[in-house]
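Q: Quick one, data-v7.cif (mmCIF, C-alpha atoms):
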data_structure
loop_
_atom_site.label_atom_id
_atom_site.label_comp_id
_atom_site.auth_asym_id
_atom_site.auth_seq_id
_atom_site.Cartn_x
_atom_site.Cartn_y
_atom_site.Cartn_z
CA MET A 1 207.26 37.75 -113.97
CA LEU A 2 209.33 40.87 -114.47
CA ARG A 3 208.75 43.37 -117.23
CA PRO A 4 211.63 43.61 -119.73
CA TYR A 5 212.86 46.95 -118.34
CA GLN A 6 212.85 45.52 -114.80
CA GLN A 7 215.00 42.57 -115.89
CA ARG A 8 217.24 45.03 -117.74
CA ALA A 9 217.74 46.93 -114.47
CA ILE A 10 218.94 43.73 -112.78
CA ASP A 11 221.15 42.86 -115.75
CA HIS A 12 222.72 46.34 -115.63
CA LEU A 13 223.44 45.94 -111.92
CA TYR A 14 225.24 42.64 -112.50
CA GLU A 15 227.18 44.17 -115.39
CA TRP A 16 228.23 47.06 -113.14
CA PHE A 17 229.41 44.68 -110.41
CA LYS A 18 231.37 42.61 -112.97
CA SER A 19 233.17 45.75 -114.13
CA ASN A 20 233.75 47.23 -110.66
CA GLU A 21 235.45 45.20 -107.93
CA SER A 22 234.70 47.88 -105.37
CA GLY A 23 232.31 50.76 -104.93
CA HIS A 24 228.59 51.21 -104.65
CA PRO A 25 226.13 51.85 -107.51
CA CYS A 26 222.92 53.82 -107.35
CA LEU A 27 220.14 52.39 -109.49
CA VAL A 28 218.03 55.24 -110.85
CA LEU A 29 214.46 54.23 -111.67
CA PRO A 30 211.50 56.54 -112.31
CA THR A 31 208.52 56.43 -109.97
CA GLY A 32 206.25 53.55 -110.95
CA ALA A 33 209.04 51.41 -112.43
CA GLY A 34 208.49 48.69 -109.84
CA LYS A 35 211.51 49.11 -107.58
CA SER A 36 210.07 46.64 -105.05
CA HIS A 37 209.76 43.94 -107.72
CA ILE A 38 213.27 44.64 -108.99
CA ILE A 39 214.68 44.45 -105.45
CA ALA A 40 212.85 41.18 -104.76
CA ALA A 41 213.96 39.50 -107.99
CA PHE A 42 217.55 40.69 -107.58
CA VAL A 43 217.78 39.52 -103.96
CA LYS A 44 216.19 36.15 -104.77
CA HIS A 45 218.67 35.57 -107.59
CA ALA A 46 221.65 36.68 -105.49
CA VAL A 47 220.77 34.48 -102.50
CA LYS A 48 219.93 31.45 -104.64
CA SER A 49 223.14 31.90 -106.67
CA TRP A 50 225.34 32.48 -103.62
CA PRO A 51 223.54 30.72 -100.73
CA ASP A 52 225.64 32.27 -97.96
CA THR A 53 224.78 35.82 -99.05
CA ARG A 54 223.25 38.00 -96.35
CA VAL A 55 221.20 41.03 -97.40
CA LEU A 56 219.95 44.05 -95.49
CA MET A 57 217.24 46.11 -97.17
CA LEU A 58 217.03 49.54 -95.53
CA THR A 59 214.56 52.37 -95.82
CA HIS A 60 213.19 55.16 -93.68
CA VAL A 61 209.44 54.44 -93.38
CA LYS A 62 207.43 51.42 -92.30
CA GLU A 63 205.23 51.51 -95.42
CA LEU A 64 208.24 50.85 -97.67
CA ILE A 65 209.52 48.12 -95.34
CA GLU A 66 206.15 46.37 -95.57
CA GLN A 67 205.86 46.91 -99.34
CA ASN A 68 209.35 45.62 -100.09
CA ALA A 69 208.94 42.59 -97.82
CA GLU A 70 205.55 41.81 -99.37
CA LYS A 71 207.03 41.86 -102.88
CA MET A 72 209.85 39.59 -101.69
CA ARG A 73 207.23 37.11 -100.45
CA GLN A 74 205.43 37.30 -103.81
CA HIS A 75 208.63 36.48 -105.69
CA TRP A 76 209.87 33.93 -103.16
CA PRO A 77 207.22 32.71 -100.70
CA ASN A 78 209.70 30.75 -98.54
CA ALA A 79 212.45 33.37 -98.49
CA PRO A 80 214.53 33.47 -95.28
CA LEU A 81 213.09 36.88 -94.46
CA GLY A 82 213.09 38.97 -91.31
CA ILE A 83 211.64 42.39 -90.58
CA TYR A 84 213.28 44.73 -88.07
CA SER A 85 211.24 47.86 -87.40
CA ALA A 86 210.16 49.37 -84.09
CA SER A 87 207.19 51.08 -85.78
CA LEU A 88 205.98 47.67 -87.01
CA ASN A 89 206.77 46.05 -83.64
CA ARG A 90 208.92 43.45 -85.44
CA ARG A 91 212.51 42.67 -84.48
CA ASN A 92 213.55 39.67 -86.55
CA ILE A 93 216.91 39.42 -88.31
CA ASP A 94 217.33 36.72 -90.94
CA GLN A 95 219.40 36.03 -94.06
CA ILE A 96 217.36 38.72 -95.81
CA THR A 97 216.31 41.48 -93.43
CA PHE A 98 214.02 44.38 -94.28
CA GLY A 99 214.42 47.15 -91.77
CA GLY A 100 214.12 50.75 -90.79
CA VAL A 101 217.32 52.73 -90.55
CA GLN A 102 216.26 54.37 -87.29
CA SER A 103 215.58 50.99 -85.68
CA LEU A 104 218.85 49.47 -86.88
CA ARG A 105 221.22 52.47 -86.80
CA SER A 106 223.16 51.25 -83.74
CA ARG A 107 222.67 47.51 -84.18
CA ALA A 108 225.46 46.48 -86.56
CA ALA A 109 226.85 43.99 -84.04
CA GLN A 110 223.41 42.39 -83.69
CA ILE A 111 222.97 42.28 -87.48
CA GLY A 112 226.43 40.80 -87.97
CA HIS A 113 228.03 39.97 -91.30
CA VAL A 114 226.12 41.41 -94.26
CA ASP A 115 227.26 41.13 -97.88
CA LEU A 116 224.82 43.53 -99.48
CA VAL A 117 222.94 46.56 -98.20
CA ILE A 118 220.17 47.85 -100.44
CA VAL A 119 218.81 51.31 -99.63
CA ASP A 120 215.43 52.35 -101.01
CA GLU A 121 215.07 56.13 -101.38
CA CYS A 122 218.86 56.44 -101.12
CA HIS A 123 218.82 60.14 -102.00
CA LEU A 124 218.08 60.61 -98.27
CA ILE A 125 221.60 59.41 -97.37
CA SER A 126 223.84 62.31 -96.44
CA HIS A 127 226.44 63.26 -99.04
CA LYS A 128 228.74 63.87 -96.07
CA ASP A 129 230.07 61.08 -93.88
CA GLU A 130 227.38 61.55 -91.23
CA GLY A 131 223.87 60.47 -90.32
CA ALA A 132 222.11 57.22 -89.46
CA TYR A 133 222.58 55.51 -92.84
CA ARG A 134 226.27 56.38 -93.10
CA SER A 135 226.95 55.35 -89.49
CA LEU A 136 225.23 51.97 -89.87
CA ILE A 137 226.89 51.26 -93.22
CA ALA A 138 230.33 52.17 -91.77
CA ASP A 139 229.74 49.85 -88.79
CA LEU A 140 228.66 47.02 -91.12
CA ALA A 141 231.69 47.62 -93.35
CA ALA A 142 233.92 47.27 -90.27
CA ILE A 143 232.43 43.78 -89.83
CA ASN A 144 232.67 42.97 -93.56
CA PRO A 145 235.13 45.18 -95.48
CA ARG A 146 233.84 43.68 -98.75
CA LEU A 147 230.32 44.99 -98.08
CA ARG A 148 228.57 46.37 -101.15
CA VAL A 149 225.76 48.92 -101.13
CA ILE A 150 223.12 49.43 -103.80
CA GLY A 151 221.03 52.56 -103.70
CA LEU A 152 217.67 53.00 -105.39
CA THR A 153 216.10 56.35 -106.18
CA ALA A 154 214.06 58.24 -108.73
CA THR A 155 215.85 61.47 -107.81
CA PRO A 156 219.68 61.24 -107.89
CA PHE A 157 220.08 65.00 -107.54
CA ARG A 158 220.17 66.78 -104.17
CA LEU A 159 219.54 70.49 -103.82
CA GLY A 160 222.57 72.17 -102.31
CA HIS A 161 224.87 69.34 -103.38
CA GLY A 162 224.18 68.07 -106.91
CA TYR A 163 224.29 64.47 -108.09
CA ILE A 164 224.56 61.95 -105.26
CA HIS A 165 227.57 60.23 -106.82
CA VAL A 166 229.72 63.36 -107.23
CA GLY A 167 231.92 64.70 -104.43
CA ASP A 168 234.61 63.77 -101.97
CA ASP A 169 232.67 61.94 -99.23
CA VAL A 170 229.78 60.53 -101.27
CA LEU A 171 228.75 56.91 -100.75
CA PHE A 172 227.78 56.07 -104.33
CA ASN A 173 230.35 55.83 -107.13
CA ALA A 174 228.09 55.65 -110.15
CA LEU A 175 224.56 55.97 -111.43
CA VAL A 176 223.07 52.96 -113.21
CA GLU A 177 220.15 54.20 -115.31
CA PRO A 178 218.58 51.29 -117.20
CA VAL A 179 215.08 52.76 -117.53
CA SER A 180 213.95 56.08 -118.91
CA ILE A 181 210.68 57.76 -118.08
CA GLU A 182 209.33 56.67 -121.47
#
What's the structure tokens form of this structure?
A:
Amino acid sequence: MLRPYQQRAIDHLYEWFKSNESGHPCLVLPTGAGKSHIIAAFVKHAVKSWPDTRVLMLTHVKELIEQNAEKMRQHWPNAPLGIYSASLNRRNIDQITFGGVQSLRSRAAQIGHVDLVIVDECHLISHKDEGAYRSLIADLAAINPRLRVIGLTATPFRLGHGYIHVGDDVLFNALVEPVSIE
């Protein structure tokens, strides 16, 4: 069961997508808000509502891959879930794949069509059109030009750049901030 502010985060994401036919939102949630639960509930709802939806959940460390996959299993025990991470010695791609960006960075063709990429700790994505995340997302967008990306972070501000949704080459178009620190 989600807390009211966690459900509000999902509701705000759907509202953003209804109002924006293109682009990529960044969901800003303070540390401890339960991002893994929000991700799991959102993905479960999306896949059950649109059964052909394919989701790639990316992050940069094995601990977050394991944590996010575990929460997905709690919310949906029989989820069509794969884990692709060299550091976890797992290389399974499924309808919902949790993976490490370094393990998947050059594997877009193997991953195939993806509808939604969710990036935990998205403030690590370069604000320039470069780096492992940007390269993989560009390769996946070449396979599916309608690909949508959702970022999650507690820190949408980058030193030396500013907000992650402001600038010429930035990936994210908007910040969705449904939860305050209070």
Q: Can you pull out every residue within 6 Å of region 145-153 of chain A, counting only C-alpha atoms, but drop anything in the same chain fewer than 2 positions away, and send it as a PyMOL selection string?
A: chain A and resi 24-28+115-122+141-142+155
Q: Please identify all polymer residues within 9 Å of Ser126 (chain A), counting all atoms listed in the file, omitting same-chain residues fewer than 5 positions from it, and present them as an MDAnalysis selection string.
A: chainID A and resid 131:134 164 170:171
Q: Output C-alpha atoms for every residue in that selection, as a PDB file, keeping the file's coordinate frame.
A:
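Output (again.pdb):
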ATOM      1  CA  GLY A 131     223.870  60.470 -90.320  1.00  0.00           C
ATOM      2  CA  ALA A 132     222.110  57.220 -89.460  1.00  0.00           C
ATOM      3  CA  TYR A 133     222.580  55.510 -92.840  1.00  0.00           C
ATOM      4  CA  ARG A 134     226.270  56.380 -93.100  1.00  0.00           C
ATOM      5  CA  ILE A 164     224.560  61.950-105.260  1.00  0.00           C
ATOM      6  CA  VAL A 170     229.780  60.530-101.270  1.00  0.00           C
ATOM      7  CA  LEU A 171     228.750  56.910-100.750  1.00  0.00           C
TER       8      LEU A 171
END
Q: Smallest atom-to-atom distance to Pro30 (chain A): which of A:Thr53, A:Leu104, A:Asn89, A:Ala9, using only C-alpha atoms?
A: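 Using only C-alpha atoms, Pro30 (chain A) sits closest to A:Ala9.
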Q: Evaluated on this file, the PyMOL selection byres ((chain A and resi 83) around 9) picks out some residues - which ones are they, written as a ChimeraX atom specification?
A: /A:65-66,69,81-82,84-85,88,90-94,96-100
Q: Rounded to one decimal place, report the CA of Met1 (chain A)-CA of Asn68 (chain A) distance in Å.
A: 16.1 Å
Q: Report as number ranges by chain the full result of the PyMOL selection byres ((chain A and resi 14) around 12) when it is applied to this structure.
A: A: 7-13, 15-21, 25, 27, 42-43, 45-46, 150, 176, 178
Q: Smallest atom-to-atom distance to Ala108 (chain A): which of A:Glu63, A:Ile125, A:Asn78, A:Leu56, using all atoms listed in the file?
A: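 With all atoms listed in the file as the atom set, the closest residue is A:Leu56.
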Q: In Å, rounded to a single decimal, give me how far CA of Leu58 (chain A) is from CA of His113 (chain A).
A: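 These two atoms are separated by 15.2 Å.
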